[in-house]
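Chemist: I'm passing along target.json; it holds JSON, C-alpha atoms.
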[["chain", "number", "residue", "atom", "x", "y", "z"],
["N", 1, "MET", "CA", 0.00, 0.00, 0.00],
["N", 2, "THR", "CA", 1.24, 3.50, -0.84],
["N", 3, "THR", "CA", 1.53, 5.62, 2.30],
["N", 4, "LEU", "CA", 0.12, 9.12, 2.51],
["N", 5, "PHE", "CA", 3.66, 10.50, 2.75],
["N", 6, "GLU", "CA", 4.67, 8.69, -0.44],
["N", 7, "ALA", "CA", 1.56, 9.96, -2.20],
["N", 8, "ALA", "CA", 2.30, 13.52, -1.10],
["N", 9, "ARG", "CA", 5.83, 13.25, -2.45],
["N", 10, "ILE", "CA", 4.60, 11.90, -5.79],
["N", 11, "CYS", "CA", 2.25, 14.87, -6.15],
["N", 12, "LEU", "CA", 4.97, 17.31, -5.16],
["N", 13, "ASP", "CA", 7.39, 15.86, -7.70],
["N", 14, "ALA", "CA", 4.94, 15.88, -10.63],
["N", 15, "ALA", "CA", 6.19, 18.49, -13.12],
["N", 16, "ASP", "CA", 3.36, 18.29, -15.63],
["N", 17, "VAL", "CA", 0.40, 20.35, -14.40],
["N", 18, "ASP", "CA", -2.20, 17.90, -15.72],
["N", 19, "ALA", "CA", -0.41, 15.08, -13.91],
["N", 20, "LYS", "CA", -0.15, 17.10, -10.69],
["N", 21, "VAL", "CA", -3.89, 17.81, -10.75],
["N", 22, "ALA", "CA", -4.86, 14.23, -11.65],
["N", 23, "LEU", "CA", -2.57, 12.69, -9.03],
["N", 24, "THR", "CA", -3.78, 15.12, -6.39],
["N", 25, "GLN", "CA", -7.40, 14.20, -7.00],
["N", 26, "GLN", "CA", -6.61, 10.48, -7.24],
["N", 27, "TYR", "CA", -4.72, 10.38, -3.95],
["N", 28, "ALA", "CA", -7.12, 12.70, -2.14],
["N", 29, "ASP", "CA", -9.98, 10.38, -3.08],
["N", 30, "ALA", "CA", -7.93, 7.35, -2.01],
["N", 31, "PHE", "CA", -7.18, 8.97, 1.34],
["N", 32, "ALA", "CA", -10.87, 9.75, 1.87],
["N", 33, "ARG", "CA", -11.62, 6.04, 1.27],
["N", 34, "GLY", "CA", -9.04, 5.02, 3.87],
["N", 35, "GLU", "CA", -6.67, 3.54, 1.31],
["N", 36, "LEU", "CA", -3.53, 5.52, 2.27],
["N", 37, "ASP", "CA", -1.77, 4.53, 5.49],
["N", 38, "VAL", "CA", -0.22, 7.16, 7.78],
["N", 39, "PRO", "CA", 2.53, 5.07, 9.39],
["N", 40, "PRO", "CA", 3.76, 6.26, 12.79],
["N", 41, "ASP", "CA", 7.25, 4.90, 12.05],
["N", 42, "ALA", "CA", 7.70, 6.57, 8.65],
["N", 43, "PRO", "CA", 11.22, 7.83, 7.93],
["N", 44, "SER", "CA", 11.94, 11.52, 8.26],
["N", 45, "PRO", "CA", 11.05, 13.67, 5.27],
["N", 46, "GLU", "CA", 13.78, 14.46, 2.81],
["N", 47, "PRO", "CA", 15.23, 17.99, 2.85],
["N", 48, "ILE", "CA", 12.96, 20.46, 1.16],
["N", 49, "ARG", "CA", 13.54, 21.28, -2.47],
["N", 50, "ALA", "CA", 11.61, 22.81, -5.33],
["N", 51, "PRO", "CA", 8.48, 20.92, -6.36],
["N", 52, "GLY", "CA", 7.99, 19.64, -9.88],
["N", 53, "ARG", "CA", 7.26, 22.52, -12.23],
["N", 54, "PRO", "CA", 6.60, 22.84, -15.97],
["N", 55, "SER", "CA", 9.12, 24.74, -18.12],
["N", 56, "LYS", "CA", 6.61, 27.60, -18.36],
["N", 57, "PRO", "CA", 5.80, 30.02, -16.80],
["N", 58, "THR", "CA", 9.15, 31.73, -16.39],
["N", 59, "LEU", "CA", 9.62, 32.67, -12.73],
["N", 60, "VAL", "CA", 10.80, 36.24, -12.13],
["N", 61, "HIS", "CA", 11.04, 38.64, -9.21],
["N", 62, "PRO", "CA", 7.62, 40.13, -8.37],
["N", 63, "ARG", "CA", 8.85, 43.63, -9.25],
["N", 64, "ASP", "CA", 9.59, 42.40, -12.79],
["N", 65, "LEU", "CA", 6.01, 41.41, -13.45],
["N", 66, "PRO", "CA", 4.28, 44.02, -15.66],
["N", 67, "ARG", "CA", 1.24, 45.80, -14.28],
["N", 68, "ARG", "CA", -1.79, 45.32, -16.48],
["N", 69, "GLY", "CA", -5.29, 46.71, -16.10],
["N", 70, "LEU", "CA", -8.36, 44.49, -16.10],
["N", 71, "GLY", "CA", -10.00, 46.57, -18.82],
["N", 72, "SER", "CA", -8.25, 44.76, -21.68],
["N", 73, "LEU", "CA", -8.64, 41.05, -22.44],
["N", 74, "GLN", "CA", -4.85, 40.69, -22.23],
["N", 75, "GLY", "CA", -4.83, 42.29, -18.80],
["N", 76, "ARG", "CA", -7.68, 40.13, -17.60],
["N", 77, "ALA", "CA", -5.97, 36.99, -18.90],
["N", 78, "ALA", "CA", -2.76, 37.98, -17.09],
["N", 79, "PHE", "CA", -4.73, 38.46, -13.86],
["N", 80, "ILE", "CA", -6.43, 35.06, -14.18],
["N", 81, "HIS", "CA", -3.04, 33.51, -14.95],
["N", 82, "ALA", "CA", -1.60, 35.02, -11.76],
["N", 83, "ILE", "CA", -4.42, 33.55, -9.68],
["N", 84, "ALA", "CA", -4.05, 30.17, -11.41],
["N", 85, "HIS", "CA", -0.34, 30.23, -10.54],
["N", 86, "ILE", "CA", -1.18, 30.88, -6.89],
["N", 87, "GLU", "CA", -3.61, 27.95, -6.90],
["N", 88, "LEU", "CA", -1.04, 25.62, -8.48],
["N", 89, "ASN", "CA", 1.46, 26.65, -5.81],
["N", 90, "ALA", "CA", -1.21, 26.09, -3.18],
["N", 91, "ILE", "CA", -1.53, 22.44, -4.25],
["N", 92, "ASP", "CA", 2.15, 22.00, -3.46],
["N", 93, "LEU", "CA", 1.92, 24.00, -0.22],
["N", 94, "ALA", "CA", -0.80, 21.67, 1.04],
["N", 95, "TRP", "CA", 1.00, 18.50, -0.01],
["N", 96, "ASP", "CA", 4.24, 19.73, 1.54],
["N", 97, "ALA", "CA", 2.47, 20.24, 4.88],
["N", 98, "VAL", "CA", 1.28, 16.63, 4.62],
["N", 99, "TYR", "CA", 4.72, 15.34, 3.64],
["N", 100, "ARG", "CA", 6.90, 17.54, 5.86],
["N", 101, "PHE", "CA", 5.28, 17.27, 9.29],
["N", 102, "ARG", "CA", 5.02, 13.86, 10.91],
["N", 103, "ASP", "CA", 3.43, 12.27, 14.00],
["N", 104, "LEU", "CA", 0.44, 14.58, 13.96],
["N", 105, "PRO", "CA", -3.27, 13.88, 14.49],
["N", 106, "GLN", "CA", -5.12, 12.26, 11.59],
["N", 107, "ALA", "CA", -7.27, 15.39, 11.36],
["N", 108, "PHE", "CA", -4.20, 17.45, 10.40],
["N", 109, "TYR", "CA", -3.58, 15.27, 7.36],
["N", 110, "ALA", "CA", -7.29, 15.19, 6.48],
["N", 111, "ASP", "CA", -7.40, 18.99, 6.49],
["N", 112, "TRP", "CA", -4.40, 19.49, 4.20],
["N", 113, "VAL", "CA", -5.25, 16.66, 1.80],
["N", 114, "GLY", "CA", -8.66, 18.29, 1.47],
["N", 115, "VAL", "CA", -7.04, 21.66, 0.82],
["N", 116, "ALA", "CA", -4.83, 20.15, -1.90],
["N", 117, "HIS", "CA", -7.92, 18.71, -3.58],
["N", 118, "ASP", "CA", -9.75, 22.05, -3.41],
["N", 119, "GLU", "CA", -6.78, 23.93, -4.86],
["N", 120, "SER", "CA", -6.57, 21.49, -7.76],
["N", 121, "ARG", "CA", -10.21, 22.21, -8.61],
["N", 122, "HIS", "CA", -9.57, 25.94, -8.42],
["N", 123, "PHE", "CA", -6.62, 25.62, -10.78],
["N", 124, "VAL", "CA", -8.67, 23.70, -13.33],
["N", 125, "LEU", "CA", -11.48, 26.28, -13.25],
["N", 126, "LEU", "CA", -9.04, 29.15, -13.75],
["N", 127, "ARG", "CA", -7.12, 27.38, -16.49],
["N", 128, "ASP", "CA", -10.33, 26.63, -18.35],
["N", 129, "ARG", "CA", -11.32, 30.29, -18.09],
["N", 130, "LEU", "CA", -7.87, 31.32, -19.31],
["N", 131, "ARG", "CA", -8.30, 29.09, -22.35],
["N", 132, "GLU", "CA", -11.66, 30.70, -23.06],
["N", 133, "LEU", "CA", -9.77, 33.98, -23.32],
["N", 134, "GLY", "CA", -7.31, 32.51, -25.81],
["N", 135, "HIS", "CA", -4.41, 31.79, -23.44],
["N", 136, "ASP", "CA", -3.09, 28.93, -21.33],
["N", 137, "TYR", "CA", -1.15, 28.45, -18.14],
["N", 138, "GLY", "CA", 2.48, 29.32, -18.84],
["N", 139, "ASP", "CA", 1.76, 32.16, -21.26],
["N", 140, "PHE", "CA", 2.69, 34.86, -18.72],
["N", 141, "ASP", "CA", 5.61, 35.19, -16.31],
["N", 142, "ALA", "CA", 5.03, 34.45, -12.61],
["N", 143, "HIS", "CA", 6.86, 34.62, -9.29],
["N", 144, "ASN", "CA", 7.88, 32.08, -6.65],
["N", 145, "GLY", "CA", 7.07, 33.91, -3.42],
["N", 146, "LEU", "CA", 4.71, 31.33, -1.97],
["N", 147, "TRP", "CA", 7.16, 28.47, -2.31],
["N", 148, "GLU", "CA", 10.00, 30.56, -0.87],
["N", 149, "MET", "CA", 8.05, 30.93, 2.39],
["N", 150, "THR", "CA", 7.47, 27.17, 2.37],
["N", 151, "GLU", "CA", 11.23, 26.65, 2.30],
["N", 152, "LYS", "CA", 11.80, 29.15, 5.12],
["N", 153, "THR", "CA", 9.30, 27.37, 7.39],
["N", 154, "ALA", "CA", 10.26, 23.77, 6.58],
["N", 155, "HIS", "CA", 11.84, 23.32, 10.02],
["N", 156, "ASP", "CA", 8.77, 24.18, 12.10],
["N", 157, "GLY", "CA", 5.11, 23.31, 11.66],
["N", 158, "LEU", "CA", 4.07, 26.14, 13.97],
["N", 159, "ALA", "CA", 5.81, 28.73, 11.79],
["N", 160, "ARG", "CA", 4.39, 27.12, 8.64],
["N", 161, "MET", "CA", 0.81, 27.26, 9.91],
["N", 162, "ALA", "CA", 1.24, 30.87, 11.03],
["N", 163, "LEU", "CA", 2.90, 32.25, 7.93],
["N", 164, "VAL", "CA", 1.62, 30.37, 4.90],
["N", 165, "PRO", "CA", -2.14, 30.06, 5.55],
["N", 166, "ARG", "CA", -2.52, 33.00, 7.96],
["N", 167, "VAL", "CA", -0.30, 35.50, 6.12],
["N", 168, "LEU", "CA", 0.19, 34.63, 2.46],
["N", 169, "GLU", "CA", -3.05, 32.80, 1.73],
["N", 170, "ALA", "CA", -5.11, 35.08, 3.97],
["N", 171, "ARG", "CA", -4.09, 37.97, 1.75],
["N", 172, "GLY", "CA", -6.44, 36.55, -0.86],
["N", 173, "LEU", "CA", -9.33, 37.03, 1.54],
["N", 174, "ASP", "CA", -8.53, 40.75, 1.63],
["N", 175, "VAL", "CA", -8.01, 41.49, -2.07],
["N", 176, "THR", "CA", -10.44, 39.13, -3.82],
["N", 177, "PRO", "CA", -13.67, 41.03, -2.99],
["N", 178, "GLY", "CA", -12.30, 44.17, -4.66],
["N", 179, "MET", "CA", -11.31, 42.21, -7.76],
["N", 180, "ILE", "CA", -14.80, 40.69, -7.89],
["N", 181, "VAL", "CA", -16.33, 44.17, -7.86],
["N", 182, "LYS", "CA", -14.09, 45.33, -10.73],
["N", 183, "LEU", "CA", -14.75, 42.23, -12.82],
["N", 184, "ARG", "CA", -18.49, 42.51, -12.23],
["N", 185, "GLU", "CA", -18.39, 46.11, -13.42],
["N", 186, "LEU", "CA", -16.70, 44.83, -16.60],
["N", 187, "GLY", "CA", -19.46, 42.24, -17.07],
["N", 188, "ASP", "CA", -17.13, 39.26, -16.58],
["N", 189, "GLU", "CA", -19.55, 37.10, -14.62],
["N", 190, "SER", "CA", -17.73, 33.90, -15.62],
["N", 191, "THR", "CA", -14.57, 34.93, -13.77],
["N", 192, "VAL", "CA", -16.61, 36.40, -10.91],
["N", 193, "ALA", "CA", -18.30, 33.03, -10.33],
["N", 194, "ILE", "CA", -14.92, 31.31, -10.06],
["N", 195, "LEU", "CA", -13.53, 33.90, -7.66],
["N", 196, "ASP", "CA", -16.68, 33.74, -5.52],
["N", 197, "LEU", "CA", -16.19, 29.99, -5.14],
["N", 198, "ILE", "CA", -12.48, 30.33, -4.40],
["N", 199, "LEU", "CA", -13.10, 33.03, -1.79],
["N", 200, "ARG", "CA", -15.65, 30.89, 0.07],
["N", 201, "GLU", "CA", -13.38, 27.85, 0.12],
["N", 202, "GLU", "CA", -10.22, 29.79, 0.98],
["N", 203, "VAL", "CA", -11.86, 30.95, 4.21],
["N", 204, "ALA", "CA", -11.92, 27.31, 5.30],
["N", 205, "HIS", "CA", -8.29, 26.85, 4.24],
["N", 206, "VAL", "CA", -7.08, 29.79, 6.29],
["N", 207, "ALA", "CA", -9.24, 28.55, 9.16],
["N", 208, "ALA", "CA", -7.37, 25.23, 9.02],
["N", 209, "GLY", "CA", -4.12, 27.17, 9.33],
["N", 210, "SER", "CA", -5.49, 29.07, 12.33],
["N", 211, "ARG", "CA", -6.70, 25.86, 13.96],
["N", 212, "TRP", "CA", -3.39, 24.04, 13.61],
["N", 213, "TYR", "CA", -1.35, 27.11, 14.50],
["N", 214, "ARG", "CA", -3.20, 27.30, 17.81],
["N", 215, "TRP", "CA", -2.87, 23.53, 18.26],
["N", 216, "TYR", "CA", 0.92, 23.82, 17.94],
["N", 217, "CYS", "CA", 0.94, 26.75, 20.37],
["N", 218, "ALA", "CA", -1.11, 24.78, 22.90],
["N", 219, "GLN", "CA", 1.23, 21.79, 22.60],
["N", 220, "ARG", "CA", 4.23, 24.01, 23.36],
["N", 221, "GLY", "CA", 2.61, 26.25, 25.97],
["N", 222, "ILE", "CA", 2.99, 29.34, 23.76],
["N", 223, "GLU", "CA", 0.68, 32.36, 23.77],
["N", 224, "PRO", "CA", -0.50, 32.49, 20.14],
["N", 225, "ARG", "CA", -1.09, 36.22, 19.65],
["N", 226, "ALA", "CA", 2.33, 37.30, 20.89],
["N", 227, "ARG", "CA", 4.07, 34.53, 18.94],
["N", 228, "PHE", "CA", 2.24, 35.48, 15.75],
["N", 229, "ARG", "CA", 3.52, 39.06, 16.08],
["N", 230, "GLU", "CA", 7.04, 37.73, 16.67],
["N", 231, "LEU", "CA", 6.83, 35.53, 13.57],
["N", 232, "LEU", "CA", 5.63, 38.47, 11.50],
["N", 233, "LYS", "CA", 8.69, 40.45, 12.60],
["N", 234, "GLU", "CA", 11.01, 37.53, 11.90],
["N", 235, "TYR", "CA", 9.68, 36.52, 8.49],
["N", 236, "ALA", "CA", 7.39, 39.21, 7.07],
["N", 237, "GLY", "CA", 8.77, 42.60, 7.99],
["N", 238, "GLY", "CA", 6.69, 42.89, 11.15],
["N", 239, "TYR", "CA", 3.36, 43.92, 9.70],
["N", 240, "LEU", "CA", 0.67, 43.06, 7.18],
["N", 241, "HIS", "CA", -0.73, 45.43, 4.59],
["N", 242, "GLY", "CA", -4.39, 46.37, 4.94],
["N", 243, "PRO", "CA", -7.15, 46.95, 4.35],
["N", 244, "PHE", "CA", -8.33, 43.66, 5.82],
["N", 245, "ASN", "CA", -11.48, 41.70, 5.08],
["N", 246, "ILE", "CA", -12.55, 41.62, 8.71],
["N", 247, "GLU", "CA", -15.60, 39.40, 8.21],
["N", 248, "ALA", "CA", -13.66, 36.77, 6.24],
["N", 249, "ARG", "CA", -10.71, 36.83, 8.64],
["N", 250, "LEU", "CA", -13.00, 36.33, 11.64],
["N", 251, "LEU", "CA", -14.54, 33.34, 9.88],
["N", 252, "ALA", "CA", -11.01, 32.10, 9.12],
["N", 253, "GLY", "CA", -9.97, 31.93, 12.76],
["N", 254, "PHE", "CA", -8.55, 35.37, 13.50],
["N", 255, "ASP", "CA", -9.98, 36.94, 16.63],
["N", 256, "GLU", "CA", -10.95, 40.57, 17.18],
["N", 257, "ASP", "CA", -7.86, 41.35, 19.29],
["N", 258, "GLU", "CA", -5.56, 40.00, 16.58],
["N", 259, "LEU", "CA", -7.30, 42.03, 13.91],
["N", 260, "ALA", "CA", -7.15, 45.18, 16.04],
["N", 261, "ALA", "CA", -3.41, 44.65, 16.46],
["N", 262, "LEU", "CA", -2.96, 44.14, 12.71],
["N", 263, "GLU", "CA", -4.81, 47.38, 11.98],
["N", 264, "ALA", "CA", -2.85, 49.41, 14.56],
["N", 265, "PRO", "CA", -0.23, 51.75, 13.05]]
What do you get writing this file as structure tokens?
Modeler:
Amino acid sequence: MTTLFEAARICLDAADVDAKVALTQQYADAFARGELDVPPDAPSPEPIRAPGRPSKPTLVHPRDLPRRGLGSLQGRAAFIHAIAHIELNAIDLAWDAVYRFRDLPQAFYADWVGVAHDESRHFVLLRDRLRELGHDYGDFDAHNGLWEMTEKTAHDGLARMALVPRVLEARGLDVTPGMIVKLRELGDESTVAILDLILREEVAHVAAGSRWYRWYCAQRGIEPRARFRELLKEYAGGYLHGPFNIEARLLAGFDEDELAALEAP
């Protein structure tokens, strides 16, 4: 029987995007049926490295990505491509959490396998929409910021849960509603429907990060709010950029005191 850790590694290593999506959905379904063992005596994970990636898109520094408005079809396609790239990265982020962190409750693995499956569906929806606009994934440059934070937090599940779901992925909760408004004004209801779905499901993903971040803190006797601020200083410049989607962040496991601290100058 393939173990869950072996399945996660296979998905991480897949370079072809169609294969990564298909394997993710295959193994997520197998895990849901109880067909993937989570052995307590599994060997330690191998040192982190880059996941499998197609030859395109070219990865560049974020400042080298051109700014395009949503008013043109080219600009809208570039925007959808950027979101698709985030979702593809998010598949690997979820599988790496499964692969990297061992001896955890079964519910931890169930959460992140489920997230990987969701992200694969999001990627397919966005790629299909991109094709409707005459483009495909890989047609525009992209950046590697999400995976870089994965590397930085490979040593510590607490830091990973704090900084990837609750910082990087939570940013989508803040900016997506504004993008939905702009796209609706342009009459692009097809893309709006996809982003509406993604926004609803990403709340649950960030909530999983909040839940397991607090679980790690409880295990170590750490006060979560103070540690979160310390991690922000250590890894993310000490603060987050607003404005914040307060309603979505509350649903995603942030509390009112945390949000007040984030909004303080």
Chemist: Do you know which residues lie at most 10 Å from (-7.5, 38.7, -15.5), with coordinates as in the file and only C-alpha atoms counted, and could you write them as an MDAnalysis selection string?
Modeler: chainID N and resid 68:83 126 129:130 133 179 183 188 191
Chemist: Excluding range 19-30 of chain N and residues on its chain fewer than 2 positions from it, collect all residues at most 9 Å away from it, counting all atoms listed in the file, and give them as JSON, numbers by chain.
Modeler: {"N": [4, 7, 8, 10, 11, 12, 13, 14, 15, 16, 17, 32, 33, 34, 35, 36, 52, 88, 91, 95, 110, 113, 114, 116, 117, 118, 119, 120, 121, 123, 124]}
Chemist: Can you list every residue of range 57-120 of chain N that has an atom at most 12 Å from range 148-156 of chain N, with its nearest atom pair and the distance in Å to one decimal, using only C-alpha atoms, ordered by chain then number, as CSV?
Modeler:
residue,atom,partner,partner_atom,distance
N:His61,CA,N:Glu148,CA,11.7
N:Asn89,CA,N:Thr150,CA,10.2
N:Ala90,CA,N:Thr150,CA,10.4
N:Asp92,CA,N:Thr150,CA,9.4
N:Leu93,CA,N:Thr150,CA,6.9
N:Ala94,CA,N:Thr150,CA,10.0
N:Trp95,CA,N:Thr150,CA,11.1
N:Asp96,CA,N:Thr150,CA,8.2
N:Ala97,CA,N:Ala154,CA,8.7
N:Val98,CA,N:Ala154,CA,11.6
N:Tyr99,CA,N:Ala154,CA,10.5
N:Arg100,CA,N:Ala154,CA,7.1
N:Phe101,CA,N:Asp156,CA,8.2
N:Arg102,CA,N:Asp156,CA,11.0
Chemist: Using all atoms listed in the file, find the one residue out of N:Tyr137, N:Ser55, N:Phe5, N:Arg229 that sits nearest to Phe31 in chain N.
Modeler: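 Ranked by minimum distance to Phe31 in chain N, first place goes to N:Phe5.
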Chemist: Compare N:Glu6, N:Asp64, N:Asp141, N:Glu258 by their minimum atom-to-atom distance to Ser210 in chain N, counting all atoms listed in the file, and give me the closest one.
Modeler: N:Glu258
Chemist: For Val164 in chain N, which residue out of N:Ala218, N:Ala208, N:Ala248, N:Ala260 is the nearest one, using all atoms listed in the file?
Modeler: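 Closest candidate: N:Ala208.
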Chemist: Interatomic distance between CA of Val192 in chain N and CA of Asp128 in chain N?
Modeler: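 Between CA of Val192 in chain N and CA of Asp128 in chain N the gap works out to 13.8 Å.
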Chemist: Skipping near chain neighbours, those fewer than 2 positions away, what residues fall within 8 Å of range 235-245 of chain N using only C-alpha atoms, listed as a count of residues only?
Modeler: 14
